[in-house]
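See below for final11.csv, which holds CSV, C-alpha atoms.
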```csv
chain,number,residue,atom,x,y,z
A,21,MET,CA,-129.2,-48.8,-49.6
A,22,ASP,CA,-129.4,-46.8,-46.4
A,23,ILE,CA,-126.1,-44.9,-46.6
A,24,PHE,CA,-126.5,-43.3,-43.2
A,25,ALA,CA,-127.0,-46.7,-41.5
A,26,LYS,CA,-124.0,-48.2,-43.2
A,27,VAL,CA,-121.8,-45.1,-42.5
A,28,LYS,CA,-122.9,-45.1,-38.9
A,29,GLU,CA,-122.0,-48.8,-38.5
A,30,MET,CA,-118.5,-48.1,-40.0
A,31,ILE,CA,-117.9,-45.1,-37.7
A,32,VAL,CA,-118.9,-47.1,-34.7
A,33,GLU,CA,-116.5,-49.9,-35.8
A,34,GLN,CA,-113.6,-47.6,-36.8
A,35,LEU,CA,-113.7,-45.1,-34.0
A,36,GLY,CA,-115.0,-47.3,-31.2
A,37,VAL,CA,-117.9,-44.9,-30.3
A,38,GLU,CA,-121.5,-45.6,-29.3
A,39,GLU,CA,-124.2,-45.6,-32.0
A,40,GLU,CA,-126.1,-42.9,-30.2
A,41,GLU,CA,-123.2,-40.5,-30.5
A,42,VAL,CA,-123.2,-40.7,-34.3
A,43,LYS,CA,-125.7,-38.2,-35.7
A,44,LYS,CA,-125.6,-36.3,-39.0
A,45,GLU,CA,-124.6,-33.1,-37.3
A,46,THR,CA,-121.9,-34.7,-35.3
A,47,ALA,CA,-118.4,-33.4,-36.0
A,48,PHE,CA,-115.6,-36.0,-36.2
A,49,LYS,CA,-113.5,-34.0,-33.8
A,50,ASP,CA,-116.2,-34.5,-31.2
A,51,LEU,CA,-115.9,-38.2,-31.7
A,52,ASN,CA,-112.2,-37.8,-30.9
A,53,ALA,CA,-111.2,-38.7,-34.4
A,54,ASP,CA,-107.8,-37.4,-35.5
A,55,SER,CA,-106.6,-37.0,-39.1
A,56,LEU,CA,-105.4,-40.7,-39.3
A,57,ASP,CA,-108.7,-42.0,-38.1
A,58,ILE,CA,-110.3,-40.0,-40.9
A,59,VAL,CA,-107.9,-41.5,-43.4
A,60,GLU,CA,-108.7,-45.0,-42.1
A,61,LEU,CA,-112.4,-44.3,-42.3
A,62,VAL,CA,-112.1,-43.0,-45.8
A,63,MET,CA,-110.2,-46.1,-46.8
A,64,ALA,CA,-113.0,-48.3,-45.4
A,65,MET,CA,-115.6,-46.3,-47.2
A,66,GLU,CA,-113.7,-46.4,-50.5
A,67,GLU,CA,-113.7,-50.2,-50.2
A,68,GLU,CA,-117.3,-50.4,-49.1
A,69,PHE,CA,-118.7,-48.1,-51.7
A,70,ASP,CA,-116.1,-48.9,-54.5
A,71,LEU,CA,-115.1,-45.3,-55.1
A,72,GLU,CA,-112.1,-43.0,-54.6
A,73,ILE,CA,-112.3,-40.0,-52.3
A,74,SER,CA,-109.6,-37.4,-53.1
A,75,ASP,CA,-107.5,-35.8,-50.4
A,76,GLU,CA,-109.1,-32.5,-51.4
A,77,GLN,CA,-112.6,-33.9,-50.6
A,78,VAL,CA,-111.3,-35.5,-47.4
A,79,GLU,CA,-110.1,-32.1,-46.2
A,80,LYS,CA,-113.7,-30.8,-46.5
A,81,ILE,CA,-115.2,-33.5,-44.3
A,82,LYS,CA,-116.0,-32.1,-40.9
A,83,THR,CA,-119.2,-33.8,-39.9
A,84,VAL,CA,-120.9,-37.2,-40.4
A,85,GLY,CA,-123.4,-35.3,-42.6
A,86,ASP,CA,-120.6,-34.2,-44.9
A,87,VAL,CA,-119.7,-37.8,-45.6
A,88,ILE,CA,-123.4,-38.8,-46.2
A,89,GLN,CA,-123.8,-35.9,-48.6
A,90,TYR,CA,-120.7,-36.8,-50.5
A,91,LEU,CA,-121.6,-40.5,-50.7
A,92,GLU,CA,-125.2,-39.8,-51.8
A,93,ALA,CA,-123.9,-37.7,-54.6
A,94,ASN,CA,-121.2,-40.1,-55.7
A,95,VAL,CA,-122.4,-43.7,-55.1
B,28,MET,CA,-76.7,-82.8,-59.6
B,29,HIS,CA,-76.9,-80.1,-57.1
B,30,GLU,CA,-79.2,-80.7,-54.1
B,31,ARG,CA,-81.9,-78.0,-54.0
B,32,VAL,CA,-81.2,-75.5,-51.3
B,33,SER,CA,-82.9,-72.5,-49.8
B,34,ALA,CA,-81.2,-69.3,-48.5
B,35,GLY,CA,-81.5,-69.2,-44.8
B,36,ILE,CA,-80.6,-66.6,-42.2
B,37,ILE,CA,-77.8,-68.1,-40.2
B,38,GLY,CA,-77.0,-65.0,-38.0
B,39,THR,CA,-78.5,-61.6,-37.2
B,40,GLY,CA,-77.1,-58.5,-35.5
B,41,SER,CA,-78.0,-54.9,-34.9
B,42,TYR,CA,-76.5,-51.7,-33.6
B,43,LEU,CA,-78.3,-48.6,-32.3
B,44,PRO,CA,-76.5,-45.4,-31.3
B,45,ASP,CA,-76.6,-44.7,-27.5
B,46,GLN,CA,-78.0,-41.2,-27.7
B,47,VAL,CA,-81.8,-41.2,-27.1
B,48,LEU,CA,-84.0,-38.3,-28.3
B,49,ASN,CA,-87.4,-38.5,-26.7
B,50,ASN,CA,-90.6,-36.7,-27.4
B,51,TYR,CA,-90.1,-34.2,-24.6
B,52,ASP,CA,-86.8,-33.3,-26.1
B,53,LEU,CA,-88.7,-32.6,-29.4
B,54,GLU,CA,-91.2,-30.4,-27.6
B,55,LYS,CA,-88.2,-28.0,-27.1
B,56,LEU,CA,-87.3,-28.0,-30.8
B,57,VAL,CA,-90.7,-27.7,-32.6
B,58,GLU,CA,-94.3,-27.0,-31.8
B,59,THR,CA,-95.5,-30.5,-30.8
B,60,SER,CA,-96.3,-32.6,-27.8
B,61,ASN,CA,-95.5,-36.0,-26.4
B,62,GLN,CA,-99.2,-36.8,-26.4
B,63,TRP,CA,-99.6,-35.8,-30.1
B,64,ILE,CA,-96.6,-37.8,-31.2
B,65,CYS,CA,-97.6,-40.9,-29.3
B,66,SER,CA,-101.2,-40.9,-30.5
B,67,ARG,CA,-100.3,-40.2,-34.1
B,68,THR,CA,-97.2,-42.4,-34.5
B,69,GLY,CA,-96.7,-44.6,-31.4
B,70,ILE,CA,-93.1,-43.3,-31.2
B,71,GLN,CA,-91.8,-42.4,-27.8
B,72,GLU,CA,-88.1,-42.0,-28.5
B,73,ARG,CA,-85.5,-42.5,-31.3
B,74,ARG,CA,-81.8,-43.0,-31.4
B,75,ILE,CA,-79.5,-40.3,-32.9
B,76,ALA,CA,-76.0,-40.9,-34.1
B,77,ASP,CA,-73.2,-38.5,-33.0
B,78,GLU,CA,-72.1,-35.8,-35.4
B,79,ASP,CA,-69.0,-37.7,-36.4
B,80,VAL,CA,-70.7,-41.0,-37.0
B,81,SER,CA,-71.8,-42.1,-40.4
B,82,ALA,CA,-73.8,-45.0,-41.9
B,83,SER,CA,-70.7,-47.3,-42.3
B,84,ASP,CA,-69.9,-46.9,-38.6
B,85,LEU,CA,-73.3,-48.2,-37.6
B,86,ALA,CA,-73.2,-50.9,-40.4
B,87,VAL,CA,-69.9,-52.3,-39.2
B,88,ARG,CA,-71.1,-52.8,-35.7
B,89,ALA,CA,-74.3,-54.6,-36.9
B,90,ALA,CA,-72.2,-56.6,-39.4
B,91,GLU,CA,-69.8,-57.8,-36.7
B,92,ALA,CA,-72.6,-58.9,-34.5
B,93,ALA,CA,-74.3,-60.8,-37.3
B,94,LEU,CA,-71.1,-62.5,-38.3
B,95,GLU,CA,-70.4,-63.6,-34.7
B,96,ALA,CA,-74.0,-65.0,-34.5
B,97,SER,CA,-73.4,-66.9,-37.7
B,98,GLY,CA,-70.1,-68.4,-36.6
B,99,LEU,CA,-68.5,-67.3,-39.8
B,100,SER,CA,-65.4,-65.1,-40.2
B,101,ALA,CA,-65.4,-62.0,-42.4
B,102,GLY,CA,-63.1,-63.8,-44.9
B,103,GLN,CA,-65.8,-66.4,-45.6
B,104,LEU,CA,-68.2,-63.8,-46.9
B,105,ASP,CA,-68.8,-63.9,-50.7
B,106,LEU,CA,-71.0,-60.8,-51.0
B,107,ILE,CA,-72.0,-57.8,-49.0
B,108,ILE,CA,-75.2,-55.9,-49.9
B,109,VAL,CA,-75.9,-52.6,-48.0
B,110,ALA,CA,-79.4,-51.2,-48.3
B,111,THR,CA,-79.4,-47.5,-47.4
B,112,ILE,CA,-80.7,-44.1,-48.5
B,113,THR,CA,-78.2,-42.3,-46.2
B,114,PRO,CA,-74.9,-43.7,-47.4
B,115,ASP,CA,-71.6,-42.2,-46.2
B,116,MET,CA,-71.2,-40.5,-49.6
B,117,PHE,CA,-72.4,-41.0,-53.3
B,118,PHE,CA,-69.4,-43.2,-54.0
B,119,PRO,CA,-67.6,-45.3,-53.1
B,120,SER,CA,-70.5,-47.5,-51.9
B,121,THR,CA,-71.0,-47.9,-48.2
B,122,ALA,CA,-70.8,-51.7,-48.8
B,123,CYS,CA,-67.2,-51.2,-50.1
B,124,ILE,CA,-66.4,-49.2,-47.0
B,125,VAL,CA,-67.8,-51.9,-44.7
B,126,GLN,CA,-66.0,-54.6,-46.7
B,127,ASP,CA,-62.7,-52.9,-46.0
B,128,ARG,CA,-63.4,-52.2,-42.3
B,129,ILE,CA,-64.5,-55.7,-41.4
B,130,GLY,CA,-61.8,-57.3,-43.5
B,131,ALA,CA,-64.1,-59.2,-45.9
B,132,LYS,CA,-61.4,-59.5,-48.5
B,133,ASN,CA,-63.1,-62.1,-50.6
B,134,ALA,CA,-66.5,-60.4,-50.8
B,135,VAL,CA,-68.1,-58.5,-53.7
B,136,ALA,CA,-69.8,-55.3,-52.3
B,137,PHE,CA,-72.5,-53.0,-53.5
B,138,ASP,CA,-75.3,-50.7,-52.2
B,139,ILE,CA,-78.9,-50.8,-53.2
B,140,SER,CA,-81.5,-48.0,-52.9
B,141,ALA,CA,-85.0,-49.0,-52.1
B,142,ALA,CA,-85.7,-46.8,-49.0
B,143,CYS,CA,-87.7,-48.5,-46.3
B,144,THR,CA,-88.0,-51.7,-48.4
B,145,GLY,CA,-84.2,-51.8,-48.8
B,146,PHE,CA,-83.6,-54.8,-46.5
B,147,VAL,CA,-86.3,-56.9,-48.1
B,148,TYR,CA,-84.9,-56.0,-51.6
B,149,GLY,CA,-81.4,-56.9,-50.4
B,150,LEU,CA,-82.5,-60.2,-48.8
B,151,THR,CA,-84.4,-61.2,-52.0
B,152,MET,CA,-81.4,-60.5,-54.2
B,153,ALA,CA,-79.1,-62.4,-51.8
B,154,GLU,CA,-81.6,-65.3,-51.9
B,155,GLN,CA,-81.3,-65.7,-55.6
B,156,PHE,CA,-77.5,-65.8,-55.5
B,157,VAL,CA,-77.5,-68.4,-52.7
B,158,LYS,CA,-80.1,-70.6,-54.5
B,159,LEU,CA,-78.2,-70.4,-57.8
B,160,GLY,CA,-74.9,-71.2,-56.0
B,161,THR,CA,-73.3,-68.0,-57.3
B,162,TYR,CA,-72.4,-66.9,-53.8
B,163,ARG,CA,-72.6,-69.0,-50.7
B,164,HIS,CA,-72.4,-66.6,-47.7
B,165,ILE,CA,-73.9,-63.2,-48.0
B,166,LEU,CA,-74.1,-60.3,-45.6
B,167,VAL,CA,-77.2,-58.1,-46.0
B,168,ILE,CA,-77.2,-54.8,-44.0
B,169,GLY,CA,-79.9,-52.2,-43.6
B,170,VAL,CA,-78.5,-49.0,-42.2
B,171,GLU,CA,-79.7,-45.4,-41.9
B,172,VAL,CA,-78.5,-42.1,-40.4
B,173,LEU,CA,-81.7,-40.3,-41.1
B,174,SER,CA,-81.2,-37.7,-38.4
B,175,LYS,CA,-78.7,-36.0,-40.8
B,176,PHE,CA,-81.4,-35.6,-43.5
B,177,VAL,CA,-84.3,-34.5,-41.3
B,178,ASP,CA,-85.4,-30.9,-41.2
B,179,TRP,CA,-85.4,-30.3,-37.5
B,180,SER,CA,-87.7,-27.3,-37.9
B,181,ASP,CA,-90.4,-29.4,-39.7
B,182,ARG,CA,-92.7,-30.9,-37.0
B,183,ASN,CA,-94.4,-33.2,-39.5
B,184,THR,CA,-91.2,-35.2,-40.3
B,185,CYS,CA,-88.6,-34.6,-37.6
B,186,ILE,CA,-90.6,-36.5,-35.0
B,187,LEU,CA,-90.7,-39.7,-37.2
B,188,PHE,CA,-87.1,-40.7,-38.0
B,189,GLY,CA,-84.1,-42.3,-36.2
B,190,ASP,CA,-80.8,-43.9,-36.8
B,191,GLY,CA,-79.6,-47.5,-36.6
B,192,ALA,CA,-78.4,-50.6,-38.4
B,193,GLY,CA,-79.4,-54.2,-38.7
B,194,ALA,CA,-77.7,-57.1,-40.5
B,195,ALA,CA,-78.3,-60.7,-41.5
B,196,VAL,CA,-75.9,-63.4,-42.8
B,197,LEU,CA,-77.4,-65.7,-45.4
B,198,GLY,CA,-76.2,-69.1,-46.3
B,199,PRO,CA,-77.5,-72.3,-47.9
B,200,VAL,CA,-79.9,-74.4,-45.8
B,201,THR,CA,-82.1,-77.4,-46.6
B,202,SER,CA,-85.0,-76.5,-48.9
B,203,GLN,CA,-87.7,-76.9,-46.2
B,204,LYS,CA,-86.1,-74.1,-44.3
B,205,GLY,CA,-85.0,-70.6,-45.0
B,206,ILE,CA,-86.7,-68.1,-47.4
B,207,GLN,CA,-89.6,-69.9,-48.9
B,208,PHE,CA,-91.1,-67.1,-50.9
B,209,SER,CA,-90.2,-63.5,-51.9
B,210,ARG,CA,-92.0,-60.9,-53.9
B,211,LEU,CA,-91.0,-57.3,-54.6
B,212,GLY,CA,-93.0,-54.5,-56.0
B,213,SER,CA,-92.4,-50.9,-57.3
B,214,ASP,CA,-94.6,-48.0,-58.4
B,215,GLY,CA,-92.5,-45.1,-59.6
B,216,SER,CA,-95.6,-43.0,-60.2
B,217,GLY,CA,-95.7,-42.4,-56.4
B,218,GLY,CA,-92.1,-41.1,-56.3
B,219,ASP,CA,-93.0,-37.6,-55.2
B,220,LEU,CA,-94.8,-38.7,-52.1
B,221,LEU,CA,-91.6,-39.3,-50.1
B,222,LYS,CA,-88.2,-37.9,-51.2
B,223,ILE,CA,-85.0,-35.9,-50.7
B,224,PRO,CA,-85.2,-33.6,-53.8
B,225,ALA,CA,-81.7,-32.1,-54.0
B,226,GLY,CA,-78.1,-33.3,-53.9
B,227,GLY,CA,-78.4,-35.5,-57.0
B,228,SER,CA,-78.0,-34.6,-60.6
B,229,LYS,CA,-81.5,-33.2,-60.9
B,230,ILE,CA,-81.0,-30.5,-58.3
B,231,PRO,CA,-77.3,-30.4,-57.5
B,232,SER,CA,-76.2,-28.8,-54.2
B,233,SER,CA,-76.2,-25.0,-54.5
B,234,GLN,CA,-77.0,-22.0,-52.4
B,235,TYR,CA,-80.5,-22.2,-53.8
B,236,SER,CA,-81.0,-25.8,-52.7
B,237,LEU,CA,-79.6,-25.1,-49.3
B,238,ASP,CA,-81.7,-21.9,-48.8
B,239,ASN,CA,-84.8,-23.8,-49.8
B,240,GLY,CA,-84.2,-26.9,-47.5
B,241,LEU,CA,-84.2,-29.2,-50.5
B,242,HIS,CA,-81.7,-31.6,-48.9
B,243,PHE,CA,-84.2,-32.7,-46.3
B,244,ILE,CA,-86.8,-35.4,-46.3
B,245,LYS,CA,-90.2,-34.4,-47.8
B,246,MET,CA,-93.2,-36.5,-47.2
B,247,SER,CA,-96.9,-36.6,-48.0
B,248,GLY,CA,-98.0,-38.5,-44.9
B,249,LYS,CA,-101.7,-39.2,-45.7
B,250,ASP,CA,-101.0,-40.8,-49.1
B,251,ILE,CA,-98.2,-42.9,-47.7
B,252,PHE,CA,-100.4,-44.0,-44.9
B,253,LYS,CA,-103.1,-45.3,-47.3
B,254,PHE,CA,-100.5,-47.0,-49.5
B,255,ALA,CA,-98.8,-48.6,-46.6
B,256,VAL,CA,-101.9,-50.1,-45.0
B,257,LYS,CA,-103.1,-51.5,-48.3
B,258,VAL,CA,-99.8,-52.9,-49.3
B,259,MET,CA,-99.2,-54.6,-45.9
B,260,GLU,CA,-102.6,-56.3,-46.2
B,261,HIS,CA,-102.4,-57.3,-49.8
B,262,SER,CA,-98.7,-58.4,-49.9
B,263,THR,CA,-99.2,-60.6,-46.8
B,264,CYS,CA,-102.3,-62.2,-48.2
B,265,ASP,CA,-100.7,-62.8,-51.6
B,266,ALA,CA,-97.6,-64.3,-50.1
B,267,MET,CA,-99.5,-66.7,-47.9
B,268,GLU,CA,-101.7,-67.7,-50.8
B,269,ALA,CA,-98.6,-68.4,-53.0
B,270,CYS,CA,-97.1,-70.5,-50.2
B,271,GLY,CA,-100.3,-72.5,-49.8
B,272,LEU,CA,-100.6,-71.1,-46.3
B,273,LYS,CA,-103.1,-69.0,-44.3
B,274,VAL,CA,-102.4,-65.7,-42.7
B,275,SER,CA,-103.2,-67.4,-39.4
B,276,ASP,CA,-100.3,-69.7,-40.0
B,277,ILE,CA,-97.9,-66.8,-39.5
B,278,ASP,CA,-96.0,-67.0,-36.2
B,279,LEU,CA,-94.5,-63.5,-36.5
B,280,LEU,CA,-95.0,-60.7,-38.9
B,281,ILE,CA,-92.2,-58.1,-38.9
B,282,PRO,CA,-93.5,-55.1,-40.7
B,283,HIS,CA,-91.4,-52.0,-41.5
B,284,GLN,CA,-91.8,-49.7,-38.5
B,285,ALA,CA,-93.1,-46.5,-40.0
B,286,ASN,CA,-96.0,-45.7,-37.8
B,287,LEU,CA,-97.8,-47.7,-35.2
B,288,ARG,CA,-101.2,-46.6,-36.7
B,289,ILE,CA,-100.2,-48.2,-40.0
B,290,ILE,CA,-99.2,-51.4,-38.3
B,291,ASN,CA,-102.3,-51.6,-36.2
B,292,SER,CA,-104.6,-50.8,-39.1
B,293,ALA,CA,-103.1,-53.5,-41.3
B,294,ALA,CA,-102.9,-56.0,-38.4
B,295,LYS,CA,-106.6,-55.5,-37.8
B,296,ARG,CA,-107.4,-56.0,-41.5
B,297,LEU,CA,-105.3,-59.2,-41.5
B,298,LYS,CA,-106.9,-60.3,-38.2
B,299,LEU,CA,-103.5,-60.9,-36.7
B,300,PRO,CA,-103.4,-60.7,-32.9
B,301,PRO,CA,-100.9,-58.2,-31.4
B,302,GLU,CA,-98.6,-61.0,-30.1
B,303,LYS,CA,-97.9,-62.1,-33.8
B,304,VAL,CA,-96.9,-58.6,-34.9
B,305,TRP,CA,-93.4,-57.3,-33.9
B,306,VAL,CA,-93.5,-53.7,-32.8
B,307,ASN,CA,-90.5,-51.6,-31.6
B,308,ILE,CA,-91.3,-48.3,-33.2
B,309,HIS,CA,-91.9,-46.8,-29.7
B,310,ARG,CA,-88.2,-47.1,-29.0
B,311,TYR,CA,-86.6,-46.4,-32.4
B,312,GLY,CA,-89.0,-44.5,-34.6
B,313,ASN,CA,-88.7,-45.1,-38.4
B,314,ILE,CA,-85.2,-46.2,-39.3
B,315,SER,CA,-86.1,-47.0,-42.9
B,316,ALA,CA,-83.9,-49.8,-44.3
B,317,ALA,CA,-82.6,-50.7,-40.8
B,318,SER,CA,-86.1,-51.1,-39.3
B,319,ILE,CA,-86.8,-54.7,-40.3
B,320,PRO,CA,-83.3,-56.2,-39.6
B,321,VAL,CA,-83.2,-54.5,-36.2
B,322,ALA,CA,-86.6,-55.9,-35.4
B,323,LEU,CA,-85.6,-59.3,-36.7
B,324,ASP,CA,-82.5,-59.4,-34.6
B,325,GLU,CA,-84.5,-58.4,-31.5
B,326,ALA,CA,-87.1,-61.1,-32.1
B,327,VAL,CA,-84.4,-63.7,-32.6
B,328,THR,CA,-82.4,-62.6,-29.6
B,329,LEU,CA,-85.5,-62.5,-27.3
B,330,GLY,CA,-86.5,-66.0,-28.4
B,331,LYS,CA,-89.7,-64.9,-30.2
B,332,ILE,CA,-88.4,-66.6,-33.3
B,333,ARG,CA,-87.5,-70.3,-32.8
B,334,GLU,CA,-86.7,-73.2,-35.0
B,335,GLY,CA,-89.7,-73.9,-37.2
B,336,SER,CA,-91.3,-70.5,-36.8
B,337,LEU,CA,-93.0,-69.0,-39.9
B,338,VAL,CA,-91.7,-65.4,-40.1
B,339,VAL,CA,-92.9,-62.8,-42.6
B,340,LEU,CA,-90.9,-59.7,-43.3
B,341,LEU,CA,-92.8,-56.9,-44.9
B,342,GLY,CA,-91.3,-53.7,-46.2
B,343,PHE,CA,-92.9,-50.6,-47.9
B,344,GLY,CA,-91.6,-47.2,-48.5
B,345,ALA,CA,-90.4,-44.5,-50.9
B,346,GLY,CA,-90.1,-45.3,-54.6
B,347,LEU,CA,-92.8,-46.4,-54.1
B,348,THR,CA,-91.4,-49.8,-53.2
B,349,TRP,CA,-92.7,-52.8,-51.3
B,350,GLY,CA,-91.7,-56.4,-50.7
B,351,VAL,CA,-92.2,-59.5,-48.6
B,352,ASN,CA,-90.1,-62.5,-47.5
B,353,VAL,CA,-91.6,-65.6,-46.0
B,354,ILE,CA,-89.1,-67.5,-43.9
B,355,ARG,CA,-89.3,-70.9,-42.2
B,356,TRP,CA,-86.8,-70.6,-39.4
```
Would it be possible to restate this file's structure as structure tokens?
Amino acid sequence: MDIFAKVKEMIVEQLGVEEEEVKKETAFKDLNADSLDIVELVMAMEEEFDLEISDEQVEKIKTVGDVIQYLEANV
Amino acid sequence: MHERVSAGIIGTGSYLPDQVLNNYDLEKLVETSNQWICSRTGIQERRIADEDVSASDLAVRAAEAALEASGLSAGQLDLIIVATITPDMFFPSTACIVQDRIGAKNAVAFDISAACTGFVYGLTMAEQFVKLGTYRHILVIGVEVLSKFVDWSDRNTCILFGDGAGAAVLGPVTSQKGIQFSRLGSDGSGGDLLKIPAGGSKIPSSQYSLDNGLHFIKMSGKDIFKFAVKVMEHSTCDAMEACGLKVSDIDLLIPHQANLRIINSAAKRLKLPPEKVWVNIHRYGNISAASIPVALDEAVTLGKIREGSLVVLLGFGAGLTWGVNVIRW
């Protein structure tokens, strides 16, 4: 499974941003995502990838790459 | 043989204090901004009760309005249930105070504690009594004066809450109408996510509890957000399935007004268009047990709910608690 492609699709859907804006080094704050957007995104990912992401982990998520790295290690 | 009856809502009423506290007022109290509050919560203003006003004062006004709408007199009430987490005092119950003040001499009266799900819990209890024939006319009130339990120096919580009261009078109606389905849920393992720690028997009032602000509302916002979105989606779907209906059959969903982002997120998951989801949080903030009955009264008054409408009330909150009522108007 191409995790990056899936995550990119989810970010585009959840945050209403353009696909080109979503790169691994992109910070969520540069996509104008606030803390509740991140919570919603995390919920969508938990459902998509059937896992639970702890609040502690969520706090560490700053960039799209952080999410990919976490999912690659845990899915 | 008794004819099978449902419990129907035969009158609604609400009362909100006049005093408005908007986000610009809050900017003067804590480090926050109108823009931040609007984007994170959808709240623009909330109502605040005067210093000498308590829960029963608001409850009585809402109760009188609901009684008038129902065409009943106070003496015809058999039961009064008040859902609140901000009662006048520990005892007597706020329901007994209301009973006396509206002159409902023939009514039994008690309070229930289920936080923001309180009204749905109360309605569901009332429904059973009406269906069984134990009591015929029941007044259910959701009332809160949260402003008196908010830490006005905590910018995470003080922006959220407001005061108000809503009420509904229930009575027997033909079985095709009224409450068609109710389901409640509780999960005490989430009790620490939202609470007022002190003032009870665990941490009685003391200099220590006062100095440490333990009489104020404490909340873990992110966890509550996740819980709320999930429970709104699942409870609605479960209820519709149990009724043999589809989510798209709903004419109006009235969710607890905790946060616009919760409502929007759940509505999107349920694929419900905005015109089918009642929102008034921008005007009142989160008024816990009062939120659903105030919204219900507005929707009825403004003609959004008509004869035959399929209305879903959905509560969720501290406890954790949640619940749903499906009503054919």
**Message:** I need the contact residues of chain B against chain A, so if you could list those with any atom within 8 Å, counting all atoms listed in the file, and return them as a VMD selection string, that would help.
**Reply:** chain B and resid 67 249 253 288 292
Sort by chain and increasing residue number a table of all residues of region 93-207 of chain B within 7 Å of region 302-319 of chain B, each with its closest pair of atoms and their distance in Å to one decimal, counting only C-alpha atoms, and write it as CSV.
```
residue,atom,partner,partner_atom,distance
B:Ala110,CA,B:Ala316,CA,6.2
B:Thr111,CA,B:Ala316,CA,5.9
B:Ala142,CA,B:Ala316,CA,5.9
B:Cys143,CA,B:Ser315,CA,4.0
B:Thr144,CA,B:Ala316,CA,6.1
B:Gly145,CA,B:Ala316,CA,4.9
B:Phe146,CA,B:Ala316,CA,5.5
B:Gly169,CA,B:Ala317,CA,4.2
B:Val170,CA,B:Ala317,CA,4.7
B:Glu171,CA,B:Ile314,CA,6.1
B:Leu187,CA,B:Gly312,CA,5.7
B:Phe188,CA,B:Asn313,CA,4.7
B:Gly189,CA,B:Ile314,CA,5.1
B:Asp190,CA,B:Ile314,CA,5.6
B:Gly191,CA,B:Ala317,CA,6.1
B:Ala192,CA,B:Ala317,CA,4.8
B:Gly193,CA,B:Ala317,CA,5.2
```
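Picture a line from CA of Ser202 (chain B) to CA of Ala101 (chain B); it runs 25.2 Å.
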Neighbours of Gln89 (chain A) within 12 Å (all atoms listed in the file; same-chain residues fewer than 6 positions away dropped), as a PDB file with C-alpha atoms, keeping the file's coordinate frame?
```pdb
ATOM      1  CA  ILE A  23    -126.100 -44.900 -46.600  1.00  0.00           C
ATOM      2  CA  PHE A  24    -126.500 -43.300 -43.200  1.00  0.00           C
ATOM      3  CA  VAL A  27    -121.800 -45.100 -42.500  1.00  0.00           C
ATOM      4  CA  LYS A  44    -125.600 -36.300 -39.000  1.00  0.00           C
ATOM      5  CA  GLU A  45    -124.600 -33.100 -37.300  1.00  0.00           C
ATOM      6  CA  GLN A  77    -112.600 -33.900 -50.600  1.00  0.00           C
ATOM      7  CA  LYS A  80    -113.700 -30.800 -46.500  1.00  0.00           C
ATOM      8  CA  ILE A  81    -115.200 -33.500 -44.300  1.00  0.00           C
ATOM      9  CA  LYS A  82    -116.000 -32.100 -40.900  1.00  0.00           C
ATOM     10  CA  THR A  83    -119.200 -33.800 -39.900  1.00  0.00           C
ATOM     11  CA  VAL A  95    -122.400 -43.700 -55.100  1.00  0.00           C
TER      12      VAL A  95
END
```
Around (-115.3, -50.5, -47.4) in the file's frame, which residues reach within 12 Å when counting all atoms listed in the file? Return as a CSV table (one decimal) with C-alpha atoms, keeping the file's coordinate frame?
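Dumped everything to result_21.csv:
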```csv
chain,number,residue,atom,x,y,z
A,26,LYS,CA,-124.0,-48.2,-43.2
A,27,VAL,CA,-121.8,-45.1,-42.5
A,29,GLU,CA,-122.0,-48.8,-38.5
A,30,MET,CA,-118.5,-48.1,-40.0
A,31,ILE,CA,-117.9,-45.1,-37.7
A,33,GLU,CA,-116.5,-49.9,-35.8
A,34,GLN,CA,-113.6,-47.6,-36.8
A,60,GLU,CA,-108.7,-45.0,-42.1
A,61,LEU,CA,-112.4,-44.3,-42.3
A,62,VAL,CA,-112.1,-43.0,-45.8
A,63,MET,CA,-110.2,-46.1,-46.8
A,64,ALA,CA,-113.0,-48.3,-45.4
A,65,MET,CA,-115.6,-46.3,-47.2
A,66,GLU,CA,-113.7,-46.4,-50.5
A,67,GLU,CA,-113.7,-50.2,-50.2
A,68,GLU,CA,-117.3,-50.4,-49.1
A,69,PHE,CA,-118.7,-48.1,-51.7
A,70,ASP,CA,-116.1,-48.9,-54.5
A,71,LEU,CA,-115.1,-45.3,-55.1
A,72,GLU,CA,-112.1,-43.0,-54.6
A,73,ILE,CA,-112.3,-40.0,-52.3
B,296,ARG,CA,-107.4,-56.0,-41.5
```
